[in-house]
file work00.cif (mmCIF, C-alpha atoms and all ligand atoms; chains and numbers go by the auth columns)
data_target
#
loop_
_atom_site.group_PDB
_atom_site.id
_atom_site.type_symbol
_atom_site.label_atom_id
_atom_site.label_comp_id
_atom_site.label_asym_id
_atom_site.label_seq_id
_atom_site.Cartn_x
_atom_site.Cartn_y
_atom_site.Cartn_z
_atom_site.B_iso_or_equiv
_atom_site.auth_seq_id
_atom_site.auth_asym_id
ATOM 1 C CA MET A 1 14.864 59.990 -14.933 0.00 1 A
ATOM 2 C CA LEU A 2 12.306 58.074 -16.954 0.00 2 A
ATOM 3 C CA ASN A 3 11.140 60.635 -19.498 0.00 3 A
ATOM 4 C CA ILE A 4 8.423 59.377 -21.816 0.00 4 A
ATOM 5 C CA VAL A 5 7.114 61.108 -24.904 0.00 5 A
ATOM 6 C CA ILE A 6 3.616 59.733 -25.429 0.00 6 A
ATOM 7 C CA PHE A 7 2.816 60.238 -29.067 0.00 7 A
ATOM 8 C CA GLY A 8 -0.025 59.648 -31.505 0.00 8 A
ATOM 9 C CA ALA A 9 -2.883 61.316 -33.325 0.00 9 A
ATOM 10 C CA PRO A 10 -5.624 63.186 -31.459 0.00 10 A
ATOM 11 C CA GLY A 11 -7.850 60.501 -29.932 0.00 11 A
ATOM 12 C CA SER A 12 -5.139 57.831 -29.860 0.00 12 A
ATOM 13 C CA GLY A 13 -5.347 57.542 -26.063 0.00 13 A
ATOM 14 C CA LYS A 14 -2.340 59.600 -24.961 0.00 14 A
ATOM 15 C CA GLY A 15 -4.162 61.196 -22.020 0.00 15 A
ATOM 16 C CA THR A 16 -5.782 57.944 -20.896 0.00 16 A
ATOM 17 C CA GLN A 17 -2.533 55.979 -20.984 0.00 17 A
ATOM 18 C CA SER A 18 -0.705 58.861 -19.275 0.00 18 A
ATOM 19 C CA GLU A 19 -3.067 58.515 -16.312 0.00 19 A
ATOM 20 C CA ARG A 20 -2.164 54.831 -16.024 0.00 20 A
ATOM 21 C CA LEU A 21 1.564 55.567 -16.309 0.00 21 A
ATOM 22 C CA ILE A 22 1.355 58.225 -13.586 0.00 22 A
ATOM 23 C CA LYS A 23 -0.303 55.749 -11.216 0.00 23 A
ATOM 24 C CA GLU A 24 1.983 52.827 -12.009 0.00 24 A
ATOM 25 C CA PHE A 25 5.355 54.596 -12.094 0.00 25 A
ATOM 26 C CA GLY A 26 4.788 57.763 -10.041 0.00 26 A
ATOM 27 C CA LEU A 27 5.774 59.998 -12.912 0.00 27 A
ATOM 28 C CA ASP A 28 4.895 63.654 -13.420 0.00 28 A
ATOM 29 C CA HIS A 29 2.829 64.642 -16.420 0.00 29 A
ATOM 30 C CA ILE A 30 2.953 67.617 -18.742 0.00 30 A
ATOM 31 C CA SER A 31 0.119 67.936 -21.247 0.00 31 A
ATOM 32 C CA THR A 32 0.654 71.071 -23.299 0.00 32 A
ATOM 33 C CA GLY A 33 -3.026 70.954 -24.347 0.00 33 A
ATOM 34 C CA ASP A 34 -4.082 71.007 -20.662 0.00 34 A
ATOM 35 C CA VAL A 35 -1.676 73.861 -19.880 0.00 35 A
ATOM 36 C CA LEU A 36 -3.067 75.863 -22.810 0.00 36 A
ATOM 37 C CA ARG A 37 -6.689 75.207 -21.776 0.00 37 A
ATOM 38 C CA LYS A 38 -5.817 76.437 -18.266 0.00 38 A
ATOM 39 C CA GLU A 39 -4.295 79.612 -19.748 0.00 39 A
ATOM 40 C CA ILE A 40 -7.484 80.153 -21.769 0.00 40 A
ATOM 41 C CA LYS A 41 -9.657 79.679 -18.676 0.00 41 A
ATOM 42 C CA GLU A 42 -7.548 82.170 -16.736 0.00 42 A
ATOM 43 C CA GLY A 43 -7.846 84.684 -19.576 0.00 43 A
ATOM 44 C CA SER A 44 -4.069 85.199 -19.990 0.00 44 A
ATOM 45 C CA GLU A 45 -2.511 86.748 -23.090 0.00 45 A
ATOM 46 C CA LEU A 46 -1.023 83.352 -24.034 0.00 46 A
ATOM 47 C CA GLY A 47 -4.469 81.802 -23.645 0.00 47 A
ATOM 48 C CA ARG A 48 -6.035 84.434 -25.859 0.00 48 A
ATOM 49 C CA VAL A 49 -3.516 83.892 -28.666 0.00 49 A
ATOM 50 C CA ALA A 50 -3.578 80.092 -28.277 0.00 50 A
ATOM 51 C CA SER A 51 -7.369 79.832 -28.454 0.00 51 A
ATOM 52 C CA GLU A 52 -7.354 81.258 -31.980 0.00 52 A
ATOM 53 C CA TYR A 53 -5.171 78.372 -33.167 0.00 53 A
ATOM 54 C CA ILE A 54 -6.862 75.704 -31.057 0.00 54 A
ATOM 55 C CA ASN A 55 -10.343 76.559 -32.319 0.00 55 A
ATOM 56 C CA LYS A 56 -9.140 76.152 -35.911 0.00 56 A
ATOM 57 C CA GLY A 57 -7.409 72.853 -35.132 0.00 57 A
ATOM 58 C CA GLN A 58 -4.006 74.374 -35.906 0.00 58 A
ATOM 59 C CA LEU A 59 -0.784 74.212 -33.927 0.00 59 A
ATOM 60 C CA VAL A 60 0.143 77.049 -31.593 0.00 60 A
ATOM 61 C CA PRO A 61 3.482 78.570 -32.791 0.00 61 A
ATOM 62 C CA ASP A 62 6.615 76.745 -31.602 0.00 62 A
ATOM 63 C CA GLU A 63 8.192 79.706 -29.731 0.00 63 A
ATOM 64 C CA LEU A 64 5.117 80.120 -27.521 0.00 64 A
ATOM 65 C CA ILE A 65 4.921 76.411 -26.775 0.00 65 A
ATOM 66 C CA VAL A 66 8.637 75.986 -26.103 0.00 66 A
ATOM 67 C CA ASP A 67 8.729 78.966 -23.682 0.00 67 A
ATOM 68 C CA MET A 68 5.660 77.638 -21.916 0.00 68 A
ATOM 69 C CA LEU A 69 7.140 74.129 -21.671 0.00 69 A
ATOM 70 C CA ALA A 70 10.442 75.413 -20.252 0.00 70 A
ATOM 71 C CA LYS A 71 8.571 77.128 -17.402 0.00 71 A
ATOM 72 C CA VAL A 72 6.517 74.050 -16.581 0.00 72 A
ATOM 73 C CA LEU A 73 9.612 71.839 -16.760 0.00 73 A
ATOM 74 C CA ASP A 74 11.392 73.966 -14.159 0.00 74 A
ATOM 75 C CA GLU A 75 8.608 73.098 -11.708 0.00 75 A
ATOM 76 C CA LYS A 76 9.301 69.377 -12.259 0.00 76 A
ATOM 77 C CA GLU A 77 12.939 69.460 -11.171 0.00 77 A
ATOM 78 C CA ASN A 78 12.555 66.780 -8.514 0.00 78 A
ATOM 79 C CA ALA A 79 10.356 64.430 -10.531 0.00 79 A
ATOM 80 C CA LYS A 80 11.258 60.737 -10.970 0.00 80 A
ATOM 81 C CA GLY A 81 10.461 61.283 -14.595 0.00 81 A
ATOM 82 C CA VAL A 82 8.067 63.175 -16.798 0.00 82 A
ATOM 83 C CA ILE A 83 5.466 62.098 -19.354 0.00 83 A
ATOM 84 C CA PHE A 84 5.299 64.544 -22.228 0.00 84 A
ATOM 85 C CA ASP A 85 1.786 64.379 -23.635 0.00 85 A
ATOM 86 C CA GLY A 86 0.994 66.365 -26.775 0.00 86 A
ATOM 87 C CA PHE A 87 4.556 67.692 -26.920 0.00 87 A
ATOM 88 C CA PRO A 88 6.664 67.708 -29.056 0.00 88 A
ATOM 89 C CA ARG A 89 4.442 68.115 -32.107 0.00 89 A
ATOM 90 C CA THR A 90 7.023 69.488 -34.549 0.00 90 A
ATOM 91 C CA ILE A 91 10.711 68.836 -35.249 0.00 91 A
ATOM 92 C CA PRO A 92 11.791 72.222 -33.755 0.00 92 A
ATOM 93 C CA GLN A 93 9.881 71.319 -30.573 0.00 93 A
ATOM 94 C CA ALA A 94 11.648 67.929 -30.412 0.00 94 A
ATOM 95 C CA VAL A 95 15.031 69.610 -30.864 0.00 95 A
ATOM 96 C CA ALA A 96 14.155 72.170 -28.158 0.00 96 A
ATOM 97 C CA LEU A 97 13.024 69.400 -25.789 0.00 97 A
ATOM 98 C CA LYS A 98 16.272 67.493 -26.254 0.00 98 A
ATOM 99 C CA LYS A 99 18.278 70.657 -25.522 0.00 99 A
ATOM 100 C CA MET A 100 16.208 71.520 -22.432 0.00 100 A
ATOM 101 C CA LEU A 101 16.517 68.018 -21.016 0.00 101 A
ATOM 102 C CA ASN A 102 20.239 67.765 -21.815 0.00 102 A
ATOM 103 C CA GLU A 103 20.816 71.059 -20.005 0.00 103 A
ATOM 104 C CA ARG A 104 19.135 69.470 -16.987 0.00 104 A
ATOM 105 C CA GLY A 105 21.367 66.393 -17.235 0.00 105 A
ATOM 106 C CA THR A 106 18.738 64.088 -18.697 0.00 106 A
ATOM 107 C CA ASP A 107 17.088 63.112 -22.013 0.00 107 A
ATOM 108 C CA VAL A 108 14.013 61.483 -23.507 0.00 108 A
ATOM 109 C CA SER A 109 14.096 57.793 -22.523 0.00 109 A
ATOM 110 C CA VAL A 110 11.512 56.545 -25.012 0.00 110 A
ATOM 111 C CA MET A 111 8.861 57.697 -27.446 0.00 111 A
ATOM 112 C CA LEU A 112 5.704 55.561 -27.356 0.00 112 A
ATOM 113 C CA ASN A 113 3.890 55.923 -30.666 0.00 113 A
ATOM 114 C CA LEU A 114 0.211 54.902 -30.361 0.00 114 A
ATOM 115 C CA HIS A 115 -1.278 53.780 -33.687 0.00 115 A
ATOM 116 C CA VAL A 116 -5.055 53.919 -34.140 0.00 116 A
ATOM 117 C CA GLU A 117 -7.037 53.885 -37.392 0.00 117 A
ATOM 118 C CA GLU A 118 -8.571 57.117 -38.634 0.00 118 A
ATOM 119 C CA ASP A 119 -12.248 56.029 -38.369 0.00 119 A
ATOM 120 C CA GLU A 120 -11.714 54.970 -34.777 0.00 120 A
ATOM 121 C CA LEU A 121 -9.972 58.270 -33.943 0.00 121 A
ATOM 122 C CA ILE A 122 -12.905 60.292 -35.302 0.00 122 A
ATOM 123 C CA HIS A 123 -15.383 58.091 -33.460 0.00 123 A
ATOM 124 C CA ARG A 124 -13.522 58.471 -30.154 0.00 124 A
ATOM 125 C CA LEU A 125 -13.135 62.245 -30.483 0.00 125 A
ATOM 126 C CA LEU A 126 -16.823 62.751 -31.353 0.00 126 A
ATOM 127 C CA GLU A 127 -17.798 60.630 -28.330 0.00 127 A
ATOM 128 C CA ARG A 128 -15.432 62.641 -26.136 0.00 128 A
ATOM 129 C CA GLY A 129 -16.924 65.855 -27.531 0.00 129 A
ATOM 130 C CA LYS A 130 -20.301 64.959 -26.028 0.00 130 A
ATOM 131 C CA VAL A 131 -18.852 65.273 -22.527 0.00 131 A
ATOM 132 C CA SER A 132 -15.526 67.129 -22.743 0.00 132 A
ATOM 133 C CA GLY A 133 -16.871 70.603 -23.410 0.00 133 A
ATOM 134 C CA ARG A 134 -13.764 71.112 -25.575 0.00 134 A
ATOM 135 C CA SER A 135 -14.195 73.709 -28.304 0.00 135 A
ATOM 136 C CA ASP A 136 -12.121 71.573 -30.705 0.00 136 A
ATOM 137 C CA ASP A 137 -13.949 68.223 -30.340 0.00 137 A
ATOM 138 C CA ASN A 138 -16.333 68.831 -33.263 0.00 138 A
ATOM 139 C CA LEU A 139 -16.177 67.180 -36.693 0.00 139 A
ATOM 140 C CA GLU A 140 -14.828 70.171 -38.609 0.00 140 A
ATOM 141 C CA THR A 141 -12.016 70.888 -36.130 0.00 141 A
ATOM 142 C CA ILE A 142 -11.269 67.188 -35.651 0.00 142 A
ATOM 143 C CA LYS A 143 -10.649 66.906 -39.413 0.00 143 A
ATOM 144 C CA SER A 144 -8.155 69.789 -39.396 0.00 144 A
ATOM 145 C CA ARG A 145 -6.456 68.419 -36.287 0.00 145 A
ATOM 146 C CA LEU A 146 -5.964 65.060 -38.020 0.00 146 A
ATOM 147 C CA GLU A 147 -4.645 66.739 -41.160 0.00 147 A
ATOM 148 C CA VAL A 148 -2.216 68.826 -39.098 0.00 148 A
ATOM 149 C CA TYR A 149 -1.166 65.668 -37.274 0.00 149 A
ATOM 150 C CA HIS A 150 -0.342 63.839 -40.521 0.00 150 A
ATOM 151 C CA LYS A 151 1.482 66.780 -42.089 0.00 151 A
ATOM 152 C CA GLN A 152 3.362 68.334 -39.191 0.00 152 A
ATOM 153 C CA THR A 153 3.487 65.893 -36.303 0.00 153 A
ATOM 154 C CA ALA A 154 3.645 62.317 -37.665 0.00 154 A
ATOM 155 C CA PRO A 155 7.057 62.953 -39.355 0.00 155 A
ATOM 156 C CA LEU A 156 8.497 63.342 -35.851 0.00 156 A
ATOM 157 C CA ALA A 157 8.530 59.556 -35.558 0.00 157 A
ATOM 158 C CA ASP A 158 11.624 59.600 -37.803 0.00 158 A
ATOM 159 C CA PHE A 159 13.395 61.932 -35.382 0.00 159 A
ATOM 160 C CA TYR A 160 12.973 59.417 -32.564 0.00 160 A
ATOM 161 C CA ILE A 161 13.750 56.437 -34.822 0.00 161 A
ATOM 162 C CA GLN A 162 17.085 58.092 -35.537 0.00 162 A
ATOM 163 C CA GLU A 163 17.614 58.641 -31.825 0.00 163 A
ATOM 164 C CA GLY A 164 16.918 54.908 -31.287 0.00 164 A
ATOM 165 C CA LYS A 165 14.024 55.765 -28.962 0.00 165 A
ATOM 166 C CA HIS A 166 10.925 54.976 -31.008 0.00 166 A
ATOM 167 C CA VAL A 167 8.528 52.211 -29.947 0.00 167 A
ATOM 168 C CA SER A 168 5.319 51.448 -31.898 0.00 168 A
ATOM 169 C CA ILE A 169 2.245 50.455 -29.897 0.00 169 A
ATOM 170 C CA VAL A 170 -0.995 49.280 -31.515 0.00 170 A
ATOM 171 C CA GLY A 171 -3.530 51.529 -29.810 0.00 171 A
ATOM 172 C CA ASN A 172 -6.662 49.428 -30.432 0.00 172 A
ATOM 173 C CA GLY A 173 -8.248 47.205 -27.798 0.00 173 A
ATOM 174 C CA THR A 174 -9.083 47.810 -24.168 0.00 174 A
ATOM 175 C CA ILE A 175 -7.280 50.404 -22.066 0.00 175 A
ATOM 176 C CA ASP A 176 -5.789 47.531 -20.023 0.00 176 A
ATOM 177 C CA ASP A 177 -4.532 45.687 -23.116 0.00 177 A
ATOM 178 C CA ILE A 178 -2.815 48.787 -24.425 0.00 178 A
ATOM 179 C CA PHE A 179 -1.314 49.568 -21.036 0.00 179 A
ATOM 180 C CA ASP A 180 0.090 46.020 -20.823 0.00 180 A
ATOM 181 C CA LYS A 181 1.856 46.565 -24.137 0.00 181 A
ATOM 182 C CA ILE A 182 3.264 49.851 -22.854 0.00 182 A
ATOM 183 C CA LYS A 183 4.542 48.222 -19.674 0.00 183 A
ATOM 184 C CA LYS A 184 6.279 45.508 -21.702 0.00 184 A
ATOM 185 C CA ALA A 185 7.921 48.132 -23.887 0.00 185 A
ATOM 186 C CA LEU A 186 9.136 49.990 -20.811 0.00 186 A
ATOM 187 C CA GLU A 187 10.600 46.836 -19.248 0.00 187 A
ATOM 188 C CA ASP A 188 12.857 46.553 -22.289 0.00 188 A
ATOM 189 C CA ILE A 189 14.281 50.035 -21.863 0.00 189 A
ATOM 190 C CA LYS A 190 14.492 50.273 -18.061 0.00 190 A
HETATM 191 P P1 LIG B . -4.329 68.369 -27.183 0.00 201 A
HETATM 192 O O1 LIG B . -5.038 68.568 -25.875 0.00 201 A
HETATM 193 O O2 LIG B . -2.947 67.797 -27.017 0.00 201 A
HETATM 194 O O3 LIG B . -5.163 67.617 -28.181 0.00 201 A
HETATM 195 O O4 LIG B . -4.102 69.823 -27.798 0.00 201 A
HETATM 196 C C1 LIG B . -5.189 70.656 -28.159 0.00 201 A
HETATM 197 C C2 LIG B . -4.698 71.790 -29.052 0.00 201 A
HETATM 198 O O5 LIG B . -3.745 72.589 -28.336 0.00 201 A
HETATM 199 C C3 LIG B . -3.967 71.356 -30.310 0.00 201 A
HETATM 200 O O6 LIG B . -4.865 71.054 -31.379 0.00 201 A
HETATM 201 C C4 LIG B . -3.108 72.589 -30.605 0.00 201 A
HETATM 202 O O7 LIG B . -3.899 73.632 -31.161 0.00 201 A
HETATM 203 C C5 LIG B . -2.705 73.023 -29.207 0.00 201 A
HETATM 204 N N1 LIG B . -1.443 72.385 -28.778 0.00 201 A
HETATM 205 C C6 LIG B . -1.268 71.488 -27.753 0.00 201 A
HETATM 206 N N2 LIG B . 0.014 71.094 -27.663 0.00 201 A
HETATM 207 C C7 LIG B . 0.673 71.728 -28.658 0.00 201 A
HETATM 208 C C8 LIG B . 2.021 71.707 -29.122 0.00 201 A
HETATM 209 N N3 LIG B . 2.951 70.936 -28.539 0.00 201 A
HETATM 210 N N4 LIG B . 2.341 72.499 -30.188 0.00 201 A
HETATM 211 C C9 LIG B . 1.422 73.277 -30.783 0.00 201 A
HETATM 212 N N5 LIG B . 0.125 73.327 -30.424 0.00 201 A
HETATM 213 C C10 LIG B . -0.253 72.562 -29.366 0.00 201 A
#

call {"tool": "encode", "arguments": {"input": "work00.cif", "output": "structure tokens", "more": "lines below"}}
Ligand code: AMP
result
Amino acid sequence: MLNIVIFGAPGSGKGTQSERLIKEFGLDHISTGDVLRKEIKEGSELGRVASEYINKGQLVPDELIVDMLAKVLDEKENAKGVIFDGFPRTIPQAVALKKMLNERGTDVSVMLNLHVEEDELIHRLLERGKVSGRSDDNLETIKSRLEVYHKQTAPLADFYIQEGKHVSIVGNGTIDDIFDKIKKALEDIK
């Protein structure tokens, strides 16, 4: 299986590049943010708890996310590979992902780390906020999301460097340019 962790700050283009990867390689996609927003829409207990964290720009607790991910992963048993988008976001989540995949006879193939400058991230997220209807695409929440990213999520790069699976991608430029860089990186590992 080709299992890709697509990684980067909010607004770095993870969702956009995931769409291209799905089309090009026929992979399945798990976005934990999308799953949580669906839970909120459906009014589930998980959605209710999660929305309190999401609206403050904080991370939903690991246990909730890991349980949720395990259920979604079981539905992807026959996939050619899976793109993990917005997960893992903490070291315990990365450890849990490795264990879950190993138990299913597979592992993360590569972590693509999209680098975009802070001003550009804020600009993109504010633009997205005009059309996304997302409760967390406003300046105040964007600032906490970026802070949380730097403190809790960015250190995960070291985890994947140690695993020999980390690839840096400069996330500026057109969507096509960035996707070309991603494809080149994948050729090296396939
Ligand atoms: P995203 O759509 O990936 O930007 O996620 C939106 C929000 O959902 C985040 O700011 C978190 O509050 C929550 N969330 C999504 N994925 C995770 C995760 N892996 N761990 C914790 N919280 C998450």

call {"tool": "resolve_selection", "arguments": {"input": "work00.cif", "expression": "the PyMOL selection byres (((chain A and resi 154-165) around 6) and not hetatm)", "output": "PDB file with C-alpha atoms, in the frame of the given file"}}
result
ATOM      1  CA  ILE A  91      10.711  68.836 -35.249  1.00  0.00           C
ATOM      2  CA  VAL A 110      11.512  56.545 -25.012  1.00  0.00           C
ATOM      3  CA  MET A 111       8.861  57.697 -27.446  1.00  0.00           C
ATOM      4  CA  TYR A 149      -1.166  65.668 -37.274  1.00  0.00           C
ATOM      5  CA  HIS A 150      -0.342  63.839 -40.521  1.00  0.00           C
ATOM      6  CA  THR A 153       3.487  65.893 -36.303  1.00  0.00           C
ATOM      7  CA  HIS A 166      10.925  54.976 -31.008  1.00  0.00           C
TER       8      HIS A 166
END

call {"tool": "residues_near_point", "arguments": {"input": "work00.cif", "point": "(8.2, 66.7, -11.0)", "cutoff": "12 Å", "atoms": "only C-alpha atoms", "output": "PyMOL selection string"}}
result
chain A and resi 1-3+22+26-30+72-84

call {"tool": "residues_near_ligand", "arguments": {"input": "work00.cif", "ligand": "ligand LIG 201 (chain A)", "cutoff": "6 Å", "atoms": "only C-alpha atoms and all ligand atoms", "output": "list in words"}}
result
Pro10, Thr32, Gly33, Asp34, Tyr53, Ile54, Gly57, Gln58, Leu59, Val60, Ile65, Gly86, Phe87, Pro88, Arg89 and Arg145 of chain A

call {"tool": "atom_distance", "arguments": {"input": "work00.cif", "atom1": "CA of Asn102 (chain A)", "atom2": "CA of Ala50 (chain A)"}}
result
27.6 Å

call {"tool": "closest_residue", "arguments": {"input": "work00.cif", "among": "A:Gly8, A:Gly13, A:Gly105, A:Gly47", "to": "Asp176 (chain A)", "atoms": "only C-alpha atoms"}}
result
A:Gly13

call {"tool": "decode", "arguments": {"input": "work00.cif", "residues": "region 4-22 of chain A", "atoms": "C-alpha atoms", "output": "PDB file, in the first residue's frame"}}
result
ATOM      1  CA  ILE A   4       0.949   9.049   2.539  1.00  0.00           C
ATOM      2  CA  VAL A   5       0.877  11.390   5.499  1.00  0.00           C
ATOM      3  CA  ILE A   6       0.275  14.843   4.046  1.00  0.00           C
ATOM      4  CA  PHE A   7       1.570  17.298   6.580  1.00  0.00           C
ATOM      5  CA  GLY A   8       1.863  21.044   7.081  1.00  0.00           C
ATOM      6  CA  ALA A   9       0.329  24.020   8.828  1.00  0.00           C
ATOM      7  CA  PRO A  10      -3.338  24.937   8.372  1.00  0.00           C
ATOM      8  CA  GLY A  11      -3.581  26.534   4.924  1.00  0.00           C
ATOM      9  CA  SER A  12      -0.492  24.796   3.540  1.00  0.00           C
ATOM     10  CA  GLY A  13      -2.533  23.049   0.833  1.00  0.00           C
ATOM     11  CA  LYS A  14      -2.950  19.562   2.303  1.00  0.00           C
ATOM     12  CA  GLY A  15      -6.569  19.213   1.161  1.00  0.00           C
ATOM     13  CA  THR A  16      -5.906  20.635  -2.305  1.00  0.00           C
ATOM     14  CA  GLN A  17      -2.912  18.389  -2.949  1.00  0.00           C
ATOM     15  CA  SER A  18      -4.810  15.396  -1.535  1.00  0.00           C
ATOM     16  CA  GLU A  19      -7.451  15.880  -4.232  1.00  0.00           C
ATOM     17  CA  ARG A  20      -4.747  15.734  -6.904  1.00  0.00           C
ATOM     18  CA  LEU A  21      -3.158  12.643  -5.341  1.00  0.00           C
ATOM     19  CA  ILE A  22      -6.521  10.854  -5.204  1.00  0.00           C
TER      20      ILE A  22
END
